[in-house]
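J.: File final_7.pdb below, PDB, C-alpha atoms, pLDDT in the B column:
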ATOM      1  CA  MET A   1     -21.669 -37.980 -54.081  1.00 60.00           C
ATOM      2  CA  ASP A   2     -23.660 -37.498 -50.870  1.00 65.00           C
ATOM      3  CA  ALA A   3     -23.222 -34.598 -48.482  1.00 69.00           C
ATOM      4  CA  GLN A   4     -24.523 -34.026 -45.000  1.00 71.00           C
ATOM      5  CA  CYS A   5     -24.627 -30.822 -43.012  1.00 71.00           C
ATOM      6  CA  TYR A   6     -24.679 -30.561 -39.259  1.00 69.00           C
ATOM      7  CA  SER A   7     -25.038 -27.584 -36.983  1.00 67.00           C
ATOM      8  CA  VAL A   8     -22.523 -27.554 -34.182  1.00 61.00           C
ATOM      9  CA  THR A   9     -22.899 -25.233 -31.230  1.00 59.00           C
ATOM     10  CA  LEU A  10     -19.896 -24.553 -29.054  1.00 51.00           C
ATOM     11  CA  ASP A  11     -20.226 -23.010 -25.651  1.00 59.00           C
ATOM     12  CA  GLN A  12     -17.359 -20.581 -25.255  1.00 57.00           C
ATOM     13  CA  GLU A  13     -16.060 -21.116 -21.768  1.00 65.00           C
ATOM     14  CA  GLU A  14     -13.398 -19.100 -20.108  1.00 62.00           C
ATOM     15  CA  PHE A  15     -10.165 -20.954 -19.664  1.00 79.00           C
ATOM     16  CA  ILE A  16      -6.522 -20.368 -19.022  1.00 87.00           C
ATOM     17  CA  TYR A  17      -3.629 -22.174 -20.719  1.00 92.00           C
ATOM     18  CA  ILE A  18      -0.176 -21.990 -19.176  1.00 95.00           C
ATOM     19  CA  PRO A  19       2.691 -23.694 -21.020  1.00 95.00           C
ATOM     20  CA  ASN A  20       5.338 -25.666 -19.108  1.00 96.00           C
ATOM     21  CA  SER A  21       8.448 -24.434 -20.946  1.00 96.00           C
ATOM     22  CA  PHE A  22       9.803 -21.755 -23.261  1.00 96.00           C
ATOM     23  CA  THR A  23      12.993 -20.921 -25.144  1.00 96.00           C
ATOM     24  CA  PRO A  24      13.832 -17.190 -25.096  1.00 94.00           C
ATOM     25  CA  ASP A  25      16.452 -17.331 -27.861  1.00 91.00           C
ATOM     26  CA  ASN A  26      14.925 -14.762 -30.253  1.00 89.00           C
ATOM     27  CA  ASP A  27      14.214 -17.292 -33.004  1.00 93.00           C
ATOM     28  CA  GLY A  28      10.559 -16.237 -33.133  1.00 92.00           C
ATOM     29  CA  ILE A  29       9.333 -19.571 -31.757  1.00 92.00           C
ATOM     30  CA  ASN A  30       8.271 -19.971 -28.126  1.00 93.00           C
ATOM     31  CA  ASP A  31      10.311 -16.914 -27.041  1.00 95.00           C
ATOM     32  CA  VAL A  32       8.030 -15.682 -24.250  1.00 96.00           C
ATOM     33  CA  PHE A  33       6.136 -17.166 -21.335  1.00 97.00           C
ATOM     34  CA  GLY A  34       2.750 -16.164 -20.043  1.00 97.00           C
ATOM     35  CA  PRO A  35      -0.771 -17.449 -19.584  1.00 96.00           C
ATOM     36  CA  GLU A  36      -3.203 -17.436 -22.480  1.00 93.00           C
ATOM     37  CA  ILE A  37      -6.617 -16.422 -21.205  1.00 89.00           C
ATOM     38  CA  THR A  38      -9.812 -16.586 -23.232  1.00 83.00           C
ATOM     39  CA  ASN A  39     -12.592 -14.119 -22.527  1.00 74.00           C
ATOM     40  CA  TYR A  40     -10.580 -12.113 -20.015  1.00 78.00           C
ATOM     41  CA  VAL A  41     -12.806  -9.440 -18.513  1.00 76.00           C
ATOM     42  CA  GLU A  42     -11.014  -6.146 -19.220  1.00 80.00           C
ATOM     43  CA  GLY A  43     -10.107  -4.404 -15.987  1.00 83.00           C
ATOM     44  CA  ALA A  44     -10.596  -7.499 -13.826  1.00 83.00           C
ATOM     45  CA  PRO A  45      -7.942  -8.157 -11.173  1.00 87.00           C
ATOM     46  CA  TYR A  46      -4.823  -9.823 -12.608  1.00 92.00           C
ATOM     47  CA  SER A  47      -1.396 -10.671 -11.253  1.00 96.00           C
ATOM     48  CA  PHE A  48       1.416 -12.683 -12.888  1.00 98.00           C
ATOM     49  CA  LYS A  49       4.668 -13.385 -11.022  1.00 98.00           C
ATOM     50  CA  ILE A  50       7.782 -15.462 -11.633  1.00 98.00           C
ATOM     51  CA  TYR A  51       9.857 -16.711  -8.685  1.00 98.00           C
ATOM     52  CA  ASN A  52      13.376 -18.143  -8.667  1.00 96.00           C
ATOM     53  CA  ARG A  53      14.333 -21.233  -6.664  1.00 94.00           C
ATOM     54  CA  TRP A  54      14.962 -19.110  -3.555  1.00 96.00           C
ATOM     55  CA  GLY A  55      11.478 -17.591  -3.654  1.00 96.00           C
ATOM     56  CA  ASP A  56      12.523 -14.172  -4.906  1.00 96.00           C
ATOM     57  CA  VAL A  57      10.150 -12.442  -7.328  1.00 97.00           C
ATOM     58  CA  ILE A  58      12.159 -11.871 -10.517  1.00 97.00           C
ATOM     59  CA  PHE A  59       9.280 -10.751 -12.765  1.00 97.00           C
ATOM     60  CA  GLU A  60       5.800  -9.398 -12.094  1.00 97.00           C
ATOM     61  CA  THR A  61       3.021  -7.607 -13.900  1.00 97.00           C
ATOM     62  CA  THR A  62      -0.621  -6.679 -13.459  1.00 95.00           C
ATOM     63  CA  ASN A  63      -1.142  -6.268 -17.215  1.00 94.00           C
ATOM     64  CA  PRO A  64      -2.350  -9.467 -18.952  1.00 92.00           C
ATOM     65  CA  SER A  65      -0.756  -8.419 -22.246  1.00 92.00           C
ATOM     66  CA  ILE A  66       2.757  -8.365 -20.734  1.00 95.00           C
ATOM     67  CA  VAL A  67       4.657 -11.678 -20.803  1.00 96.00           C
ATOM     68  CA  TRP A  68       7.989 -12.854 -19.407  1.00 97.00           C
ATOM     69  CA  THR A  69      10.894 -12.759 -21.859  1.00 96.00           C
ATOM     70  CA  GLY A  70      13.369 -14.471 -19.523  1.00 96.00           C
ATOM     71  CA  ASN A  71      14.744 -11.267 -18.055  1.00 94.00           C
ATOM     72  CA  VAL A  72      15.270 -10.646 -14.353  1.00 95.00           C
ATOM     73  CA  ASN A  73      14.074  -7.521 -12.555  1.00 90.00           C
ATOM     74  CA  GLY A  74      13.109  -5.609 -15.679  1.00 86.00           C
ATOM     75  CA  GLY A  75      16.168  -6.501 -17.728  1.00 87.00           C
ATOM     76  CA  GLU A  76      18.854  -6.288 -15.065  1.00 86.00           C
ATOM     77  CA  TYR A  77      20.193  -9.583 -16.490  1.00 90.00           C
ATOM     78  CA  TRP A  78      18.932 -12.755 -18.208  1.00 94.00           C
ATOM     79  CA  ALA A  79      17.702 -15.725 -16.213  1.00 95.00           C
ATOM     80  CA  GLU A  80      19.720 -18.931 -16.417  1.00 96.00           C
ATOM     81  CA  PRO A  81      18.231 -22.147 -17.828  1.00 96.00           C
ATOM     82  CA  ASP A  82      16.335 -23.608 -14.878  1.00 97.00           C
ATOM     83  CA  ALA A  83      12.897 -24.294 -13.455  1.00 97.00           C
ATOM     84  CA  TYR A  84      10.966 -21.268 -12.221  1.00 98.00           C
ATOM     85  CA  ILE A  85       7.721 -21.015 -10.289  1.00 98.00           C
ATOM     86  CA  TYR A  86       4.851 -18.953 -11.671  1.00 98.00           C
ATOM     87  CA  GLU A  87       1.793 -17.592  -9.922  1.00 98.00           C
ATOM     88  CA  VAL A  88      -1.192 -16.244 -11.831  1.00 96.00           C
ATOM     89  CA  ILE A  89      -4.171 -14.686 -10.078  1.00 94.00           C
ATOM     90  CA  VAL A  90      -7.011 -13.820 -12.431  1.00 91.00           C
ATOM     91  CA  THR A  91     -10.750 -13.272 -12.466  1.00 83.00           C
ATOM     92  CA  LEU A  92     -12.123 -15.140 -15.483  1.00 75.00           C
ATOM     93  CA  THR A  93     -15.762 -14.091 -15.163  1.00 71.00           C
ATOM     94  CA  PRO A  94     -17.593 -11.416 -13.186  1.00 69.00           C
ATOM     95  CA  GLU A  95     -19.569 -14.148 -11.394  1.00 70.00           C
ATOM     96  CA  VAL A  96     -16.490 -16.017 -10.124  1.00 73.00           C
ATOM     97  CA  ASN A  97     -13.951 -14.852  -7.565  1.00 81.00           C
ATOM     98  CA  ALA A  98     -10.290 -14.588  -8.512  1.00 85.00           C
ATOM     99  CA  GLN A  99      -8.572 -17.900  -9.133  1.00 88.00           C
ATOM    100  CA  ARG A 100      -4.950 -18.694  -8.317  1.00 93.00           C
ATOM    101  CA  PHE A 101      -2.792 -20.878 -10.560  1.00 94.00           C
ATOM    102  CA  VAL A 102       0.679 -21.984  -9.420  1.00 97.00           C
ATOM    103  CA  GLY A 103       3.122 -24.203 -11.277  1.00 97.00           C
ATOM    104  CA  ALA A 104       6.576 -24.561 -12.748  1.00 97.00           C
ATOM    105  CA  VAL A 105       8.003 -23.448 -16.070  1.00 97.00           C
ATOM    106  CA  ILE A 106      11.277 -24.598 -17.581  1.00 97.00           C
ATOM    107  CA  LEU A 107      13.437 -21.951 -19.223  1.00 97.00           C
ATOM    108  CA  LEU A 108      15.577 -23.573 -21.946  1.00 95.00           C
ATOM    109  CA  ARG A 109      18.340 -21.894 -23.937  1.00 85.00           C
TER     110      ARG A 109
END
Give the structure from this file in structure tokens form.
T.:
Amino acid sequence: MDAQCYSVTLDQEEFIYIPNSFTPDNDGINDVFGPEITNYVEGAPYSFKIYNRWGDVIFETTNPSIVWTGNVNGGEYWAEPDAYIYEVIVTLTPEVNAQRFVGAVILLR
């Protein structure tokens, strides 16, 4: 049996992954929504907001470890199944200015 070994070097780049849907039904699978950021610079500017179809902010945080659980205004009530707009503003590296990411997320129940 022959074997070969290769050295592989990966450049760790900063990136952000934002899913397009979630199911906050407390089954332990896909229950929360938020961006996944690699190599976030601790203390760098960060903002994450969720808007309803009328443009009202229904969730917001400046802490990257806090995600949206489908609640509205801090738990006032639960959001209905629908499409919601997110806005994430984050600085991924000290050399790059803050970047803005806007898109839609589908809340499914």
J.: Give me the residues within 9 Å of stretch 63-78 of chain A as a PyMOL selection string, counting only C-alpha atoms and dropping any in the same chain fewer than 4 places off.
T.: chain A and resi 22-24+31-37+40+46-48+50+57-59+107
J.: For stretch 85-96 of chain A, list every protein, DNA or RNA residue within 8 Å, evaluated using all atoms listed in the file, and leave out those in the same chain fewer than 4 positions away; present the list as a PDB file with C-alpha atoms, in the coordinates of the input.
T.:
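Okay, part.pdb is ready:
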ATOM      1  CA  GLU A  14     -13.398 -19.100 -20.108  1.00 62.00           C
ATOM      2  CA  PHE A  15     -10.165 -20.954 -19.664  1.00 79.00           C
ATOM      3  CA  PRO A  35      -0.771 -17.449 -19.584  1.00 96.00           C
ATOM      4  CA  ASN A  39     -12.592 -14.119 -22.527  1.00 74.00           C
ATOM      5  CA  TYR A  40     -10.580 -12.113 -20.015  1.00 78.00           C
ATOM      6  CA  VAL A  41     -12.806  -9.440 -18.513  1.00 76.00           C
ATOM      7  CA  ALA A  44     -10.596  -7.499 -13.826  1.00 83.00           C
ATOM      8  CA  PRO A  45      -7.942  -8.157 -11.173  1.00 87.00           C
ATOM      9  CA  TYR A  46      -4.823  -9.823 -12.608  1.00 92.00           C
ATOM     10  CA  SER A  47      -1.396 -10.671 -11.253  1.00 96.00           C
ATOM     11  CA  PHE A  48       1.416 -12.683 -12.888  1.00 98.00           C
ATOM     12  CA  LYS A  49       4.668 -13.385 -11.022  1.00 98.00           C
ATOM     13  CA  ILE A  50       7.782 -15.462 -11.633  1.00 98.00           C
ATOM     14  CA  TYR A  51       9.857 -16.711  -8.685  1.00 98.00           C
ATOM     15  CA  ASN A  52      13.376 -18.143  -8.667  1.00 96.00           C
ATOM     16  CA  ARG A  53      14.333 -21.233  -6.664  1.00 94.00           C
ATOM     17  CA  ARG A 100      -4.950 -18.694  -8.317  1.00 93.00           C
ATOM     18  CA  PHE A 101      -2.792 -20.878 -10.560  1.00 94.00           C
ATOM     19  CA  VAL A 102       0.679 -21.984  -9.420  1.00 97.00           C
ATOM     20  CA  GLY A 103       3.122 -24.203 -11.277  1.00 97.00           C
ATOM     21  CA  ALA A 104       6.576 -24.561 -12.748  1.00 97.00           C
ATOM     22  CA  VAL A 105       8.003 -23.448 -16.070  1.00 97.00           C
TER      23      VAL A 105
END
J.: Could you tell me how far atom CA of A:Ile18 sits from atom CA of A:Asn30, in Å to one decimal place?
T.: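 Interatomic distance, atom CA of A:Asn30 to atom CA of A:Ile18: 12.5 Å.
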J.: Find the distance between atom CA of A:Leu108 and atom CA of A:Pro81 and write it in Å to one decimal.
T.: 5.1 Å
J.: Could you jot down the atom CA of A:Asp82 to atom CA of A:Ala98 separation for me, Å, one decimal place?
T.: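 According to the coordinates, atom CA of A:Asp82 and atom CA of A:Ala98 are separated by 28.8 Å.
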J.: With distances taken over only C-alpha atoms, which of A:Ser21, A:Thr62, A:Gly55, A:Ile29 is nearest to A:Gly43?
T.: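 That would be A:Thr62, the residue with the smallest distance to A:Gly43.
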J.: Please write out, as lines of an AutoDock Vina configuration file, where the centre of an axis-aligned box around all listed atoms of stretch 74-84 of chain A lies and how long its edges are, in Å to one decimal, after adding 6 Å on each side.
T.:
center_x = 15.6
center_y = -15.0
center_z = -15.2
size_x = 21.2
size_y = 30.7
size_z = 18.0
J.: Could you check the closest approach to A:Tyr84 for each of A:Asn97, A:Asn20, A:Asn26, A:Thr38 and tell me which residue wins, using only C-alpha atoms?
T.: A:Asn20
